[in-house]
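Everything below belongs to my_file.pdb, which stores PDB, C-alpha atoms.
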```pdb
ATOM      1  CA  MET A1089      61.281 108.228 116.187
ATOM      2  CA  MET A1090      63.988 110.870 115.912
ATOM      3  CA  TYR A1091      64.815 113.506 113.314
ATOM      4  CA  ARG A1092      68.368 112.913 112.146
ATOM      5  CA  PHE A1093      69.196 115.336 109.357
ATOM      6  CA  LEU A1094      67.917 117.092 106.260
ATOM      7  CA  ILE A1095      68.538 115.583 102.851
ATOM      8  CA  PHE A1096      69.348 118.537 100.619
ATOM      9  CA  SER A1097      69.127 118.553  96.840
ATOM     10  CA  THR A1098      69.185 121.137  94.081
ATOM     11  CA  GLY A1099      66.580 123.546  95.345
ATOM     12  CA  ILE A1100      64.581 120.919  97.251
ATOM     13  CA  PHE A1101      65.015 119.133 100.556
ATOM     14  CA  PHE A1102      63.115 116.408 102.318
ATOM     15  CA  LEU A1103      63.170 115.490 105.974
ATOM     16  CA  CYS A1104      64.639 112.109 106.738
ATOM     17  CA  MET A1105      63.274 110.299 109.820
ATOM     18  CA  LEU A1106      65.162 107.381 111.340
ATOM     19  CA  PRO A1107      64.473 105.335 114.433
ATOM     20  CA  LEU A1108      67.032 105.621 117.210
ATOM     21  CA  ASN A1109      68.545 102.234 116.417
ATOM     22  CA  ALA A1110      69.175 103.089 112.751
ATOM     23  CA  GLN A1111      72.762 104.088 113.382
ATOM     24  CA  LYS A1112      74.538 102.479 110.419
ATOM     25  CA  SER A1113      73.746 102.933 106.748
ATOM     26  CA  HIS A1114      74.385  99.232 106.053
ATOM     27  CA  ILE A1115      71.295  98.195 108.062
ATOM     28  CA  LEU A1116      68.933 100.183 105.845
ATOM     29  CA  SER A1117      66.784  98.253 103.374
ATOM     30  CA  THR A1118      64.282  99.171 100.687
ATOM     31  CA  ALA A1119      60.673  99.074 101.835
ATOM     32  CA  LYS A1120      58.315  96.679 100.069
ATOM     33  CA  SER A1121      55.445  99.073 100.712
ATOM     34  CA  SER A1122      55.045 102.790 101.295
ATOM     35  CA  GLU A1123      55.682 102.290 105.053
ATOM     36  CA  GLY A1124      52.566 104.191 106.050
ATOM     37  CA  PHE A1125      52.925 106.938 103.438
ATOM     38  CA  SER A1126      50.122 107.525 100.968
ATOM     39  CA  ALA A1127      51.260 105.930  97.686
ATOM     40  CA  SER A1128      49.198 108.393  95.655
ATOM     41  CA  ARG A1129      50.741 111.331  97.474
ATOM     42  CA  LEU A1130      54.245 109.977  97.036
ATOM     43  CA  ALA A1131      53.481 109.895  93.310
ATOM     44  CA  ARG A1132      52.814 113.632  93.434
ATOM     45  CA  ILE A1133      56.531 114.195  93.976
ATOM     46  CA  ASP A1134      57.123 113.358  90.302
ATOM     47  CA  SER A1135      54.509 115.889  89.200
ATOM     48  CA  MET A1136      56.093 118.516  91.445
ATOM     49  CA  ILE A1137      59.718 118.065  90.379
ATOM     50  CA  MET A1138      59.540 117.228  86.679
ATOM     51  CA  PRO A1139      57.926 120.563  85.669
ATOM     52  CA  LEU A1140      60.762 122.361  87.496
ATOM     53  CA  VAL A1141      63.302 120.379  85.486
ATOM     54  CA  ARG A1142      61.475 120.889  82.178
ATOM     55  CA  SER A1143      61.195 124.648  82.762
ATOM     56  CA  GLU A1144      64.906 124.693  83.711
ATOM     57  CA  GLU A1145      64.174 126.284  87.081
ATOM     58  CA  ILE A1146      66.398 123.553  88.503
ATOM     59  CA  PRO A1147      68.789 121.261  86.591
ATOM     60  CA  GLY A1148      67.780 118.266  88.692
ATOM     61  CA  ALA A1149      67.008 116.922  92.150
ATOM     62  CA  VAL A1150      67.497 113.828  94.256
ATOM     63  CA  VAL A1151      64.654 112.701  96.511
ATOM     64  CA  PHE A1152      65.381 110.389  99.440
ATOM     65  CA  ILE A1153      62.643 109.455 101.899
ATOM     66  CA  MET A1154      62.864 106.782 104.568
ATOM     67  CA  ARG A1155      60.868 105.663 107.546
ATOM     68  CA  HIS A1156      61.313 102.966 110.182
ATOM     69  CA  GLY A1157      64.836 102.381 108.915
ATOM     70  CA  LYS A1158      63.650 101.506 105.399
ATOM     71  CA  VAL A1159      64.032 103.449 102.168
ATOM     72  CA  VAL A1160      60.614 104.415 100.823
ATOM     73  CA  MET A1161      61.785 106.484  97.858
ATOM     74  CA  HIS A1162      65.202 107.213  96.367
ATOM     75  CA  LYS A1163      65.141 108.754  92.921
ATOM     76  CA  ALA A1164      67.180 111.150  90.772
ATOM     77  CA  TYR A1165      65.540 113.587  88.364
ATOM     78  CA  GLY A1166      66.996 115.701  85.568
ATOM     79  CA  TYR A1167      70.643 116.500  85.052
ATOM     80  CA  ARG A1168      73.791 116.914  87.112
ATOM     81  CA  ASP A1169      75.081 119.083  84.248
ATOM     82  CA  HIS A1170      72.292 120.634  82.217
ATOM     83  CA  GLU A1171      74.549 121.808  79.396
ATOM     84  CA  SER A1172      75.965 118.357  78.656
ATOM     85  CA  LYS A1173      72.680 116.620  79.560
ATOM     86  CA  SER A1174      74.602 114.366  81.932
ATOM     87  CA  PRO A1175      71.961 112.608  84.070
ATOM     88  CA  LEU A1176      71.892 113.311  87.790
ATOM     89  CA  ARG A1177      72.931 110.277  89.837
ATOM     90  CA  LYS A1178      71.522 109.172  93.158
ATOM     91  CA  ASP A1179      74.991 109.207  94.708
ATOM     92  CA  ASP A1180      75.962 112.687  93.511
ATOM     93  CA  ILE A1181      77.183 115.120  96.157
ATOM     94  CA  PHE A1182      75.630 118.540  96.846
ATOM     95  CA  ARG A1183      76.861 121.614  98.701
ATOM     96  CA  ILE A1184      74.444 122.129 101.593
ATOM     97  CA  ALA A1185      75.553 125.665 102.528
ATOM     98  CA  SER A1186      73.651 126.898 105.595
ATOM     99  CA  GLN A1187      72.173 123.457 106.307
ATOM    100  CA  THR A1188      75.601 123.032 107.935
ATOM    101  CA  LYS A1189      74.121 125.080 110.788
ATOM    102  CA  ALA A1190      71.799 122.233 111.755
ATOM    103  CA  ILE A1191      74.734 119.847 112.188
ATOM    104  CA  THR A1192      76.795 122.396 114.151
ATOM    105  CA  SER A1193      73.835 123.035 116.446
ATOM    106  CA  LEU A1194      73.488 119.278 116.943
ATOM    107  CA  ALA A1195      77.184 119.092 117.882
ATOM    108  CA  ALA A1196      76.739 121.885 120.419
ATOM    109  CA  MET A1197      73.701 120.253 121.977
ATOM    110  CA  MET A1198      75.573 116.968 122.296
ATOM    111  CA  LEU A1199      78.141 118.810 124.429
ATOM    112  CA  TRP A1200      75.334 120.486 126.394
ATOM    113  CA  GLU A1201      73.833 117.052 127.116
ATOM    114  CA  GLU A1202      77.221 116.055 128.501
ATOM    115  CA  GLY A1203      77.113 119.013 130.892
ATOM    116  CA  ARG A1204      79.997 120.837 129.243
ATOM    117  CA  PHE A1205      78.189 124.207 129.278
ATOM    118  CA  GLN A1206      74.876 125.827 130.223
ATOM    119  CA  LEU A1207      72.584 127.476 127.682
ATOM    120  CA  ASP A1208      72.543 130.821 129.496
ATOM    121  CA  GLU A1209      76.267 130.768 130.221
ATOM    122  CA  PRO A1210      78.350 133.603 128.705
ATOM    123  CA  ILE A1211      80.432 132.391 125.771
ATOM    124  CA  SER A1212      83.278 134.569 127.084
ATOM    125  CA  ASN A1213      83.849 131.805 129.654
ATOM    126  CA  PHE A1214      85.293 129.851 126.728
ATOM    127  CA  ILE A1215      86.342 132.633 124.312
ATOM    128  CA  PRO A1216      87.609 135.532 126.489
ATOM    129  CA  GLU A1217      87.755 137.876 123.492
ATOM    130  CA  PHE A1218      83.935 138.089 123.608
ATOM    131  CA  LYS A1219      83.974 139.593 127.118
ATOM    132  CA  ASN A1220      82.224 142.999 127.476
ATOM    133  CA  PRO A1221      80.722 143.294 123.961
ATOM    134  CA  ARG A1222      79.875 146.675 122.477
ATOM    135  CA  VAL A1223      77.072 147.770 120.142
ATOM    136  CA  LEU A1224      77.459 149.900 117.006
ATOM    137  CA  VAL A1225      76.175 153.456 117.408
ATOM    138  CA  LYS A1226      77.282 155.056 114.142
ATOM    139  CA  LEU A1227      79.372 154.085 111.132
ATOM    140  CA  ASN A1228      81.413 156.628 109.178
ATOM    141  CA  ASN A1229      81.001 155.437 105.589
ATOM    142  CA  ALA A1230      83.948 157.507 104.400
ATOM    143  CA  ASP A1231      86.570 155.440 106.239
ATOM    144  CA  THR A1232      84.527 152.654 107.939
ATOM    145  CA  SER A1233      85.390 153.994 111.374
ATOM    146  CA  TYR A1234      82.621 153.747 113.969
ATOM    147  CA  THR A1235      81.484 154.627 117.447
ATOM    148  CA  THR A1236      80.078 152.119 119.942
ATOM    149  CA  GLU A1237      78.495 151.838 123.347
ATOM    150  CA  PRO A1238      78.547 149.008 125.917
ATOM    151  CA  ALA A1239      76.067 146.224 125.206
ATOM    152  CA  GLY A1240      75.427 145.880 128.937
ATOM    153  CA  ARG A1241      75.090 142.097 128.768
ATOM    154  CA  GLU A1242      77.054 139.090 127.578
ATOM    155  CA  ILE A1243      76.400 136.824 124.595
ATOM    156  CA  THR A1244      75.219 133.382 125.724
ATOM    157  CA  PHE A1245      74.973 130.010 124.002
ATOM    158  CA  ARG A1246      71.204 130.501 123.822
ATOM    159  CA  HIS A1247      71.703 133.763 121.927
ATOM    160  CA  LEU A1248      73.886 131.996 119.361
ATOM    161  CA  LEU A1249      71.441 129.115 118.927
ATOM    162  CA  THR A1250      68.545 131.535 118.361
ATOM    163  CA  HIS A1251      70.421 134.170 116.296
ATOM    164  CA  THR A1252      69.742 136.850 118.880
ATOM    165  CA  SER A1253      73.357 137.656 119.798
ATOM    166  CA  GLY A1254      73.576 140.818 117.679
ATOM    167  CA  LEU A1255      76.092 139.343 115.247
ATOM    168  CA  ASP A1256      75.429 140.148 111.583
ATOM    169  CA  TYR A1257      76.619 138.451 108.369
ATOM    170  CA  PRO A1258      79.391 139.381 105.917
ATOM    171  CA  ALA A1259      78.404 139.558 102.238
ATOM    172  CA  ILE A1260      74.658 139.054 102.847
ATOM    173  CA  GLY A1261      74.044 141.138 105.985
ATOM    174  CA  SER A1262      73.282 144.828 106.489
ATOM    175  CA  ALA A1263      75.333 147.437 104.623
ATOM    176  CA  ASP A1264      77.064 148.712 107.768
ATOM    177  CA  PHE A1265      78.236 145.302 108.879
ATOM    178  CA  LYS A1266      79.204 144.111 105.429
ATOM    179  CA  ALA A1267      81.605 147.070 105.430
ATOM    180  CA  ILE A1268      82.870 146.478 108.984
ATOM    181  CA  TYR A1269      83.439 142.755 108.449
ATOM    182  CA  ALA A1270      85.089 143.256 105.044
ATOM    183  CA  LYS A1271      87.570 145.746 106.482
ATOM    184  CA  ALA A1272      88.390 143.371 109.348
ATOM    185  CA  GLY A1273      88.723 140.370 107.043
ATOM    186  CA  VAL A1274      85.904 138.351 108.614
ATOM    187  CA  PRO A1275      84.436 135.974 105.992
ATOM    188  CA  SER A1276      80.983 134.500 105.478
ATOM    189  CA  GLY A1277      82.423 131.018 105.909
ATOM    190  CA  ILE A1278      82.393 129.387 102.477
ATOM    191  CA  GLY A1279      85.507 129.310 100.345
ATOM    192  CA  ASN A1280      87.974 130.624 102.919
ATOM    193  CA  ASP A1281      90.032 127.461 102.682
ATOM    194  CA  ALA A1282      93.411 128.887 103.735
ATOM    195  CA  ASP A1283      92.140 130.505 106.954
ATOM    196  CA  LYS A1284      91.436 129.120 110.425
ATOM    197  CA  LEU A1285      88.087 129.443 112.199
ATOM    198  CA  GLU A1286      89.778 130.317 115.500
ATOM    199  CA  ASP A1287      91.592 133.317 114.018
ATOM    200  CA  LYS A1288      88.520 134.814 112.359
ATOM    201  CA  MET A1289      86.208 134.279 115.340
ATOM    202  CA  LYS A1290      88.665 136.054 117.645
ATOM    203  CA  ILE A1291      88.702 139.012 115.229
ATOM    204  CA  LEU A1292      84.883 138.946 115.121
ATOM    205  CA  ALA A1293      84.844 139.169 118.917
ATOM    206  CA  THR A1294      86.569 142.564 118.799
ATOM    207  CA  LEU A1295      83.967 144.072 116.446
ATOM    208  CA  PRO A1296      80.696 145.754 117.464
ATOM    209  CA  LEU A1297      77.309 144.055 117.578
ATOM    210  CA  LYS A1298      74.295 145.223 115.602
ATOM    211  CA  HIS A1299      72.154 145.283 118.756
ATOM    212  CA  LYS A1300      72.255 144.133 122.360
ATOM    213  CA  PRO A1301      72.272 140.351 122.900
ATOM    214  CA  GLY A1302      68.739 139.016 123.314
ATOM    215  CA  GLU A1303      67.146 142.202 122.008
ATOM    216  CA  LYS A1304      65.985 140.837 118.633
ATOM    217  CA  TYR A1305      66.684 138.327 115.865
ATOM    218  CA  THR A1306      69.471 138.931 113.352
ATOM    219  CA  TYR A1307      70.628 136.195 110.996
ATOM    220  CA  GLY A1308      74.389 136.284 111.371
ATOM    221  CA  LEU A1309      77.626 134.464 112.170
ATOM    222  CA  ASN A1310      76.150 132.940 115.323
ATOM    223  CA  THR A1311      76.656 129.343 114.223
ATOM    224  CA  ASP A1312      80.237 129.993 113.118
ATOM    225  CA  VAL A1313      80.967 131.123 116.659
ATOM    226  CA  LEU A1314      79.098 128.061 117.924
ATOM    227  CA  GLY A1315      81.351 125.910 115.733
ATOM    228  CA  TYR A1316      84.449 127.436 117.286
ATOM    229  CA  LEU A1317      82.981 126.835 120.741
ATOM    230  CA  VAL A1318      82.574 123.161 119.831
ATOM    231  CA  GLU A1319      86.286 123.141 118.986
ATOM    232  CA  VAL A1320      87.275 124.850 122.245
ATOM    233  CA  ILE A1321      85.088 122.655 124.465
ATOM    234  CA  SER A1322      85.801 119.330 122.733
ATOM    235  CA  GLY A1323      89.475 119.889 122.000
ATOM    236  CA  GLN A1324      88.886 118.749 118.395
ATOM    237  CA  SER A1325      88.601 120.624 115.117
ATOM    238  CA  LEU A1326      84.986 120.975 114.016
ATOM    239  CA  SER A1327      85.744 118.657 111.101
ATOM    240  CA  ASP A1328      87.114 115.947 113.412
ATOM    241  CA  PHE A1329      84.206 116.303 115.860
ATOM    242  CA  PHE A1330      81.696 115.923 113.037
ATOM    243  CA  ARG A1331      83.555 112.916 111.645
ATOM    244  CA  THR A1332      84.023 110.982 114.916
ATOM    245  CA  ARG A1333      80.900 111.968 116.853
ATOM    246  CA  ILE A1334      78.254 112.342 114.115
ATOM    247  CA  PHE A1335      79.152 111.202 110.605
ATOM    248  CA  GLU A1336      80.847 107.881 111.346
ATOM    249  CA  PRO A1337      78.244 106.750 113.933
ATOM    250  CA  LEU A1338      75.440 107.573 111.474
ATOM    251  CA  GLY A1339      77.191 106.060 108.450
ATOM    252  CA  MET A1340      77.423 109.480 106.739
ATOM    253  CA  LYS A1341      80.590 108.559 104.868
ATOM    254  CA  ASP A1342      80.073 111.111 102.088
ATOM    255  CA  THR A1343      79.702 114.269 104.192
ATOM    256  CA  TRP A1344      82.747 116.554 104.244
ATOM    257  CA  PHE A1345      83.949 120.143 104.463
ATOM    258  CA  TYR A1346      86.546 119.283 101.818
ATOM    259  CA  LEU A1347      85.926 116.210  99.682
ATOM    260  CA  PRO A1348      88.513 113.464  99.238
ATOM    261  CA  ALA A1349      89.867 113.305  95.685
ATOM    262  CA  SER A1350      87.968 110.060  95.070
ATOM    263  CA  ALA A1351      84.661 111.928  95.427
ATOM    264  CA  HIS A1352      85.457 114.993  93.290
ATOM    265  CA  ASP A1353      83.712 113.634  90.198
ATOM    266  CA  ARG A1354      80.470 113.254  92.156
ATOM    267  CA  LEU A1355      80.225 116.939  93.131
ATOM    268  CA  VAL A1356      77.492 118.579  91.057
ATOM    269  CA  PRO A1357      78.118 121.948  89.349
ATOM    270  CA  LEU A1358      76.775 125.051  91.071
ATOM    271  CA  TYR A1359      73.818 126.815  89.451
ATOM    272  CA  ASP A1360      72.233 130.231  89.969
ATOM    273  CA  GLY A1361      68.447 130.396  89.742
ATOM    274  CA  SER A1362      67.995 134.076  90.580
ATOM    275  CA  GLN A1363      66.832 134.944  87.044
ATOM    276  CA  GLY A1364      64.141 132.286  86.936
ATOM    277  CA  LYS A1365      66.172 129.648  85.098
ATOM    278  CA  ALA A1366      69.105 127.703  86.453
ATOM    279  CA  GLU A1367      72.380 128.935  84.967
ATOM    280  CA  LYS A1368      75.722 127.328  85.704
ATOM    281  CA  LEU A1369      78.117 129.694  87.448
ATOM    282  CA  SER A1370      81.066 130.490  85.211
ATOM    283  CA  GLY A1371      82.927 132.556  87.804
ATOM    284  CA  ASN A1372      82.956 133.149  91.538
ATOM    285  CA  ALA A1373      79.826 133.103  93.654
ATOM    286  CA  TYR A1374      78.956 135.774  96.231
ATOM    287  CA  ASP A1375      81.738 136.884  98.568
ATOM    288  CA  LYS A1376      84.252 135.945  95.815
ATOM    289  CA  VAL A1377      83.754 132.244  96.525
ATOM    290  CA  ASP A1378      85.193 129.662  94.126
ATOM    291  CA  PRO A1379      82.285 127.256  93.368
ATOM    292  CA  ASP A1380      84.765 124.376  93.531
ATOM    293  CA  TYR A1381      85.621 125.066  97.191
ATOM    294  CA  PRO A1382      84.655 121.501  98.264
ATOM    295  CA  LYS A1383      87.544 120.215  96.109
ATOM    296  CA  LEU A1384      90.141 122.362  97.879
ATOM    297  CA  LYS A1385      92.433 121.147 100.648
ATOM    298  CA  GLY A1386      91.182 123.618 103.210
ATOM    299  CA  THR A1387      91.591 124.268 106.906
ATOM    300  CA  TYR A1388      88.574 126.552 107.493
ATOM    301  CA  TYR A1389      85.683 124.661 109.071
ATOM    302  CA  SER A1390      82.772 127.059 109.170
ATOM    303  CA  GLY A1391      80.010 126.102 111.575
ATOM    304  CA  GLY A1392      77.559 128.133 109.530
ATOM    305  CA  ALA A1393      78.261 126.811 106.040
ATOM    306  CA  GLY A1394      80.593 124.744 103.908
ATOM    307  CA  LEU A1395      79.561 121.088 104.177
ATOM    308  CA  SER A1396      78.797 118.932 101.155
ATOM    309  CA  LEU A1397      76.933 115.649 101.386
ATOM    310  CA  LEU A1398      75.460 112.765  99.461
TER     311      LEU A1398
END
```
As structure tokens, what does this structure read like?
Amino acid sequence: MMYRFLIFSTGIFFLCMLPLNAQKSHILSTAKSSEGFSASRLARIDSMIMPLVRSEEIPGAVVFIMRHGKVVMHKAYGYRDHESKSPLRKDDIFRIASQTKAITSLAAMMLWEEGRFQLDEPISNFIPEFKNPRVLVKLNNADTSYTTEPAGREITFRHLLTHTSGLDYPAIGSADFKAIYAKAGVPSGIGNDADKLEDKMKILATLPLKHKPGEKYTYGLNTDVLGYLVEVISGQSLSDFFRTRIFEPLGMKDTWFYLPASAHDRLVPLYDGSQGKAEKLSGNAYDKVDPDYPKLKGTYYSGGAGLSLL
């Protein structure tokens, strides 16, 4: 048995387990039994999700569970568009945001298995701009200038995979680094359709770290850098690597950074649940992101965010 990927829905995700030989979606069949799951416990999923829909905490959800290559449960609840009461469909497409990180990390580990790099190897061997990193000492809030000191060690692949490199996050990170990244034009990854990952990661490499690599955990742009490393090592764009090495072999035909026009009508609206009830976004999301970014014809393939899938 092998864990393949996470099935993400509106506010809820379930782990999908496939055997190693379940490579193509066309070989999957519906189970005639619960395939070893407790039928009574599977029934609890209804009682968990329906109250969330009725209370409008979520507009809807899709549940997909499979085992031994057979579908045990595949069901849509609630609405794809709560305002119009349009029912959610089992083949609707969701933005998976940071779940993109899991797929980028898989891509990197595929290259590691091929002997293309070592986990404790400095990433500057592949992206020279990351050589001799420096750590932020003090930020001048008046003009966003800053002082730094040498980090004393290099960022490695292991640091990126464990979010211990010292990189922070734009838009959702600490106040100092939100300011530093904004001034430098380094994005959070979603909705930057006209940019190129290579350009932004090379700018990021010139900026200070929050702390020394390996010193502690900081959730940051680690997986975006990892995505660019996949591009450098493989010689493919991250989108092409995903398509040829992961999505097509696994039959994931509806997983994209930017959806083909034929799939636009299956993209669900984006809702905000921060106030307790799901409310459809009428304007931009955080970091000035257009909620319809999956429908754009973009060139920015963020390793840390941005994928949409069925």
Report task. To verify the selection step, state as a PyMOL selection string which residues the PyMOL selection byres ((chain A and resi 1348) around 12) yields on this input. Result -> chain A and resi 1181+1341-1347+1349-1355+1382-1386+1396-1397
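The shortest atom-to-atom distance to Asp1375 in chain A, with all atoms listed in the file taken into account, belongs to A:Tyr1269 out of A:Ser1186, A:Tyr1269, A:Asp1256, A:Arg1222.
Interatomic distance, CA of Leu1207 in chain A against CA of Ile1243 in chain A: 10.6 Å.
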Edge lengths and centre in Å, axis-aligned, range 1352-1365 of chain A plus 4 Å each side, as JSON:
```
{"center_x": 74.8, "center_y": 124.1, "center_z": 89.2, "size_x": 29.3, "size_y": 29.7, "size_z": 16.2}
```
Query raised in the report: Can you tell me, as JSON, numbers by chain, what residues are no more than 12 Å from Phe1214 in chain A when counting all atoms listed in the file, ignoring any on the same chain fewer than 6 positions away?
Result: {"A": [1204, 1205, 1206, 1243, 1244, 1245, 1290, 1313, 1314, 1316, 1317, 1318, 1319, 1320, 1321, 1322, 1323]}
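Within a radius of 9 Å around (77.3, 121.6, 88.0), the polymer residues are Pro1147, Tyr1167, Arg1168, Asp1169, His1170, Leu1355, Val1356, Pro1357, Leu1358, Tyr1359, Lys1368 and Leu1369 of chain A, counting all atoms listed in the file.
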Reconstruct N, CA and C atoms of range 1277-1301 of chain A from the incomplete input and present them as a PDB file, in the frame of the given file.
```
ATOM      1  N   GLY A1277      82.232 132.416 105.523  1.00  0.00           N
ATOM      2  CA  GLY A1277      82.423 131.018 105.909  1.00  0.00           C
ATOM      3  C   GLY A1277      82.726 130.068 104.783  1.00  0.00           C
ATOM      4  N   ILE A1278      82.173 130.300 103.601  1.00  0.00           N
ATOM      5  CA  ILE A1278      82.393 129.387 102.477  1.00  0.00           C
ATOM      6  C   ILE A1278      83.559 129.893 101.633  1.00  0.00           C
ATOM      7  N   GLY A1279      84.448 128.982 101.279  1.00  0.00           N
ATOM      8  CA  GLY A1279      85.507 129.310 100.345  1.00  0.00           C
ATOM      9  C   GLY A1279      86.726 129.975 100.940  1.00  0.00           C
ATOM     10  N   ASN A1280      86.814 130.011 102.256  1.00  0.00           N
ATOM     11  CA  ASN A1280      87.974 130.624 102.919  1.00  0.00           C
ATOM     12  C   ASN A1280      88.945 129.532 103.354  1.00  0.00           C
ATOM     13  N   ASP A1281      89.349 128.709 102.392  1.00  0.00           N
ATOM     14  CA  ASP A1281      90.032 127.461 102.682  1.00  0.00           C
ATOM     15  C   ASP A1281      91.361 127.623 103.408  1.00  0.00           C
ATOM     16  N   ALA A1282      92.068 128.731 103.177  1.00  0.00           N
ATOM     17  CA  ALA A1282      93.411 128.887 103.735  1.00  0.00           C
ATOM     18  C   ALA A1282      93.402 129.452 105.155  1.00  0.00           C
ATOM     19  N   ASP A1283      92.229 129.881 105.638  1.00  0.00           N
ATOM     20  CA  ASP A1283      92.140 130.505 106.954  1.00  0.00           C
ATOM     21  C   ASP A1283      91.835 129.484 108.039  1.00  0.00           C
ATOM     22  N   LYS A1284      91.796 129.949 109.284  1.00  0.00           N
ATOM     23  CA  LYS A1284      91.436 129.120 110.425  1.00  0.00           C
ATOM     24  C   LYS A1284      90.255 129.759 111.143  1.00  0.00           C
ATOM     25  N   LEU A1285      89.286 128.944 111.525  1.00  0.00           N
ATOM     26  CA  LEU A1285      88.087 129.443 112.199  1.00  0.00           C
ATOM     27  C   LEU A1285      88.453 130.200 113.471  1.00  0.00           C
ATOM     28  N   GLU A1286      89.371 129.676 114.250  1.00  0.00           N
ATOM     29  CA  GLU A1286      89.778 130.317 115.500  1.00  0.00           C
ATOM     30  C   GLU A1286      90.220 131.762 115.276  1.00  0.00           C
ATOM     31  N   ASP A1287      91.056 131.977 114.275  1.00  0.00           N
ATOM     32  CA  ASP A1287      91.592 133.317 114.018  1.00  0.00           C
ATOM     33  C   ASP A1287      90.480 134.305 113.670  1.00  0.00           C
ATOM     34  N   LYS A1288      89.570 133.900 112.807  1.00  0.00           N
ATOM     35  CA  LYS A1288      88.520 134.814 112.359  1.00  0.00           C
ATOM     36  C   LYS A1288      87.478 135.071 113.447  1.00  0.00           C
ATOM     37  N   MET A1289      87.185 134.077 114.276  1.00  0.00           N
ATOM     38  CA  MET A1289      86.208 134.279 115.340  1.00  0.00           C
ATOM     39  C   MET A1289      86.763 135.206 116.429  1.00  0.00           C
ATOM     40  N   LYS A1290      88.065 135.155 116.657  1.00  0.00           N
ATOM     41  CA  LYS A1290      88.665 136.054 117.645  1.00  0.00           C
ATOM     42  C   LYS A1290      88.677 137.495 117.126  1.00  0.00           C
ATOM     43  N   ILE A1291      88.823 137.665 115.815  1.00  0.00           N
ATOM     44  CA  ILE A1291      88.702 139.012 115.229  1.00  0.00           C
ATOM     45  C   ILE A1291      87.258 139.492 115.350  1.00  0.00           C
ATOM     46  N   LEU A1292      86.309 138.607 115.023  1.00  0.00           N
ATOM     47  CA  LEU A1292      84.883 138.946 115.121  1.00  0.00           C
ATOM     48  C   LEU A1292      84.530 139.428 116.523  1.00  0.00           C
ATOM     49  N   ALA A1293      85.137 138.819 117.521  1.00  0.00           N
ATOM     50  CA  ALA A1293      84.844 139.169 118.917  1.00  0.00           C
ATOM     51  C   ALA A1293      85.219 140.597 119.259  1.00  0.00           C
ATOM     52  N   THR A1294      86.129 141.190 118.523  1.00  0.00           N
ATOM     53  CA  THR A1294      86.569 142.564 118.799  1.00  0.00           C
ATOM     54  C   THR A1294      85.697 143.599 118.099  1.00  0.00           C
ATOM     55  N   LEU A1295      84.791 143.157 117.243  1.00  0.00           N
ATOM     56  CA  LEU A1295      83.967 144.072 116.446  1.00  0.00           C
ATOM     57  C   LEU A1295      82.628 144.324 117.133  1.00  0.00           C
ATOM     58  N   PRO A1296      81.969 145.435 116.793  1.00  0.00           N
ATOM     59  CA  PRO A1296      80.696 145.754 117.464  1.00  0.00           C
ATOM     60  C   PRO A1296      79.565 144.830 117.043  1.00  0.00           C
ATOM     61  N   LEU A1297      78.538 144.780 117.876  1.00  0.00           N
ATOM     62  CA  LEU A1297      77.309 144.055 117.578  1.00  0.00           C
ATOM     63  C   LEU A1297      76.306 144.991 116.919  1.00  0.00           C
ATOM     64  N   LYS A1298      75.346 144.428 116.221  1.00  0.00           N
ATOM     65  CA  LYS A1298      74.295 145.223 115.602  1.00  0.00           C
ATOM     66  C   LYS A1298      73.292 145.716 116.639  1.00  0.00           C
ATOM     67  N   HIS A1299      73.069 144.924 117.679  1.00  0.00           N
ATOM     68  CA  HIS A1299      72.154 145.283 118.756  1.00  0.00           C
ATOM     69  C   HIS A1299      72.552 144.511 120.004  1.00  0.00           C
ATOM     70  N   LYS A1300      71.938 144.804 121.111  1.00  0.00           N
ATOM     71  CA  LYS A1300      72.255 144.133 122.360  1.00  0.00           C
ATOM     72  C   LYS A1300      71.858 142.659 122.292  1.00  0.00           C
ATOM     73  N   PRO A1301      72.632 141.764 122.887  1.00  0.00           N
ATOM     74  CA  PRO A1301      72.272 140.351 122.900  1.00  0.00           C
ATOM     75  C   PRO A1301      70.890 140.133 123.511  1.00  0.00           C
TER      76      PRO A1301
END
```
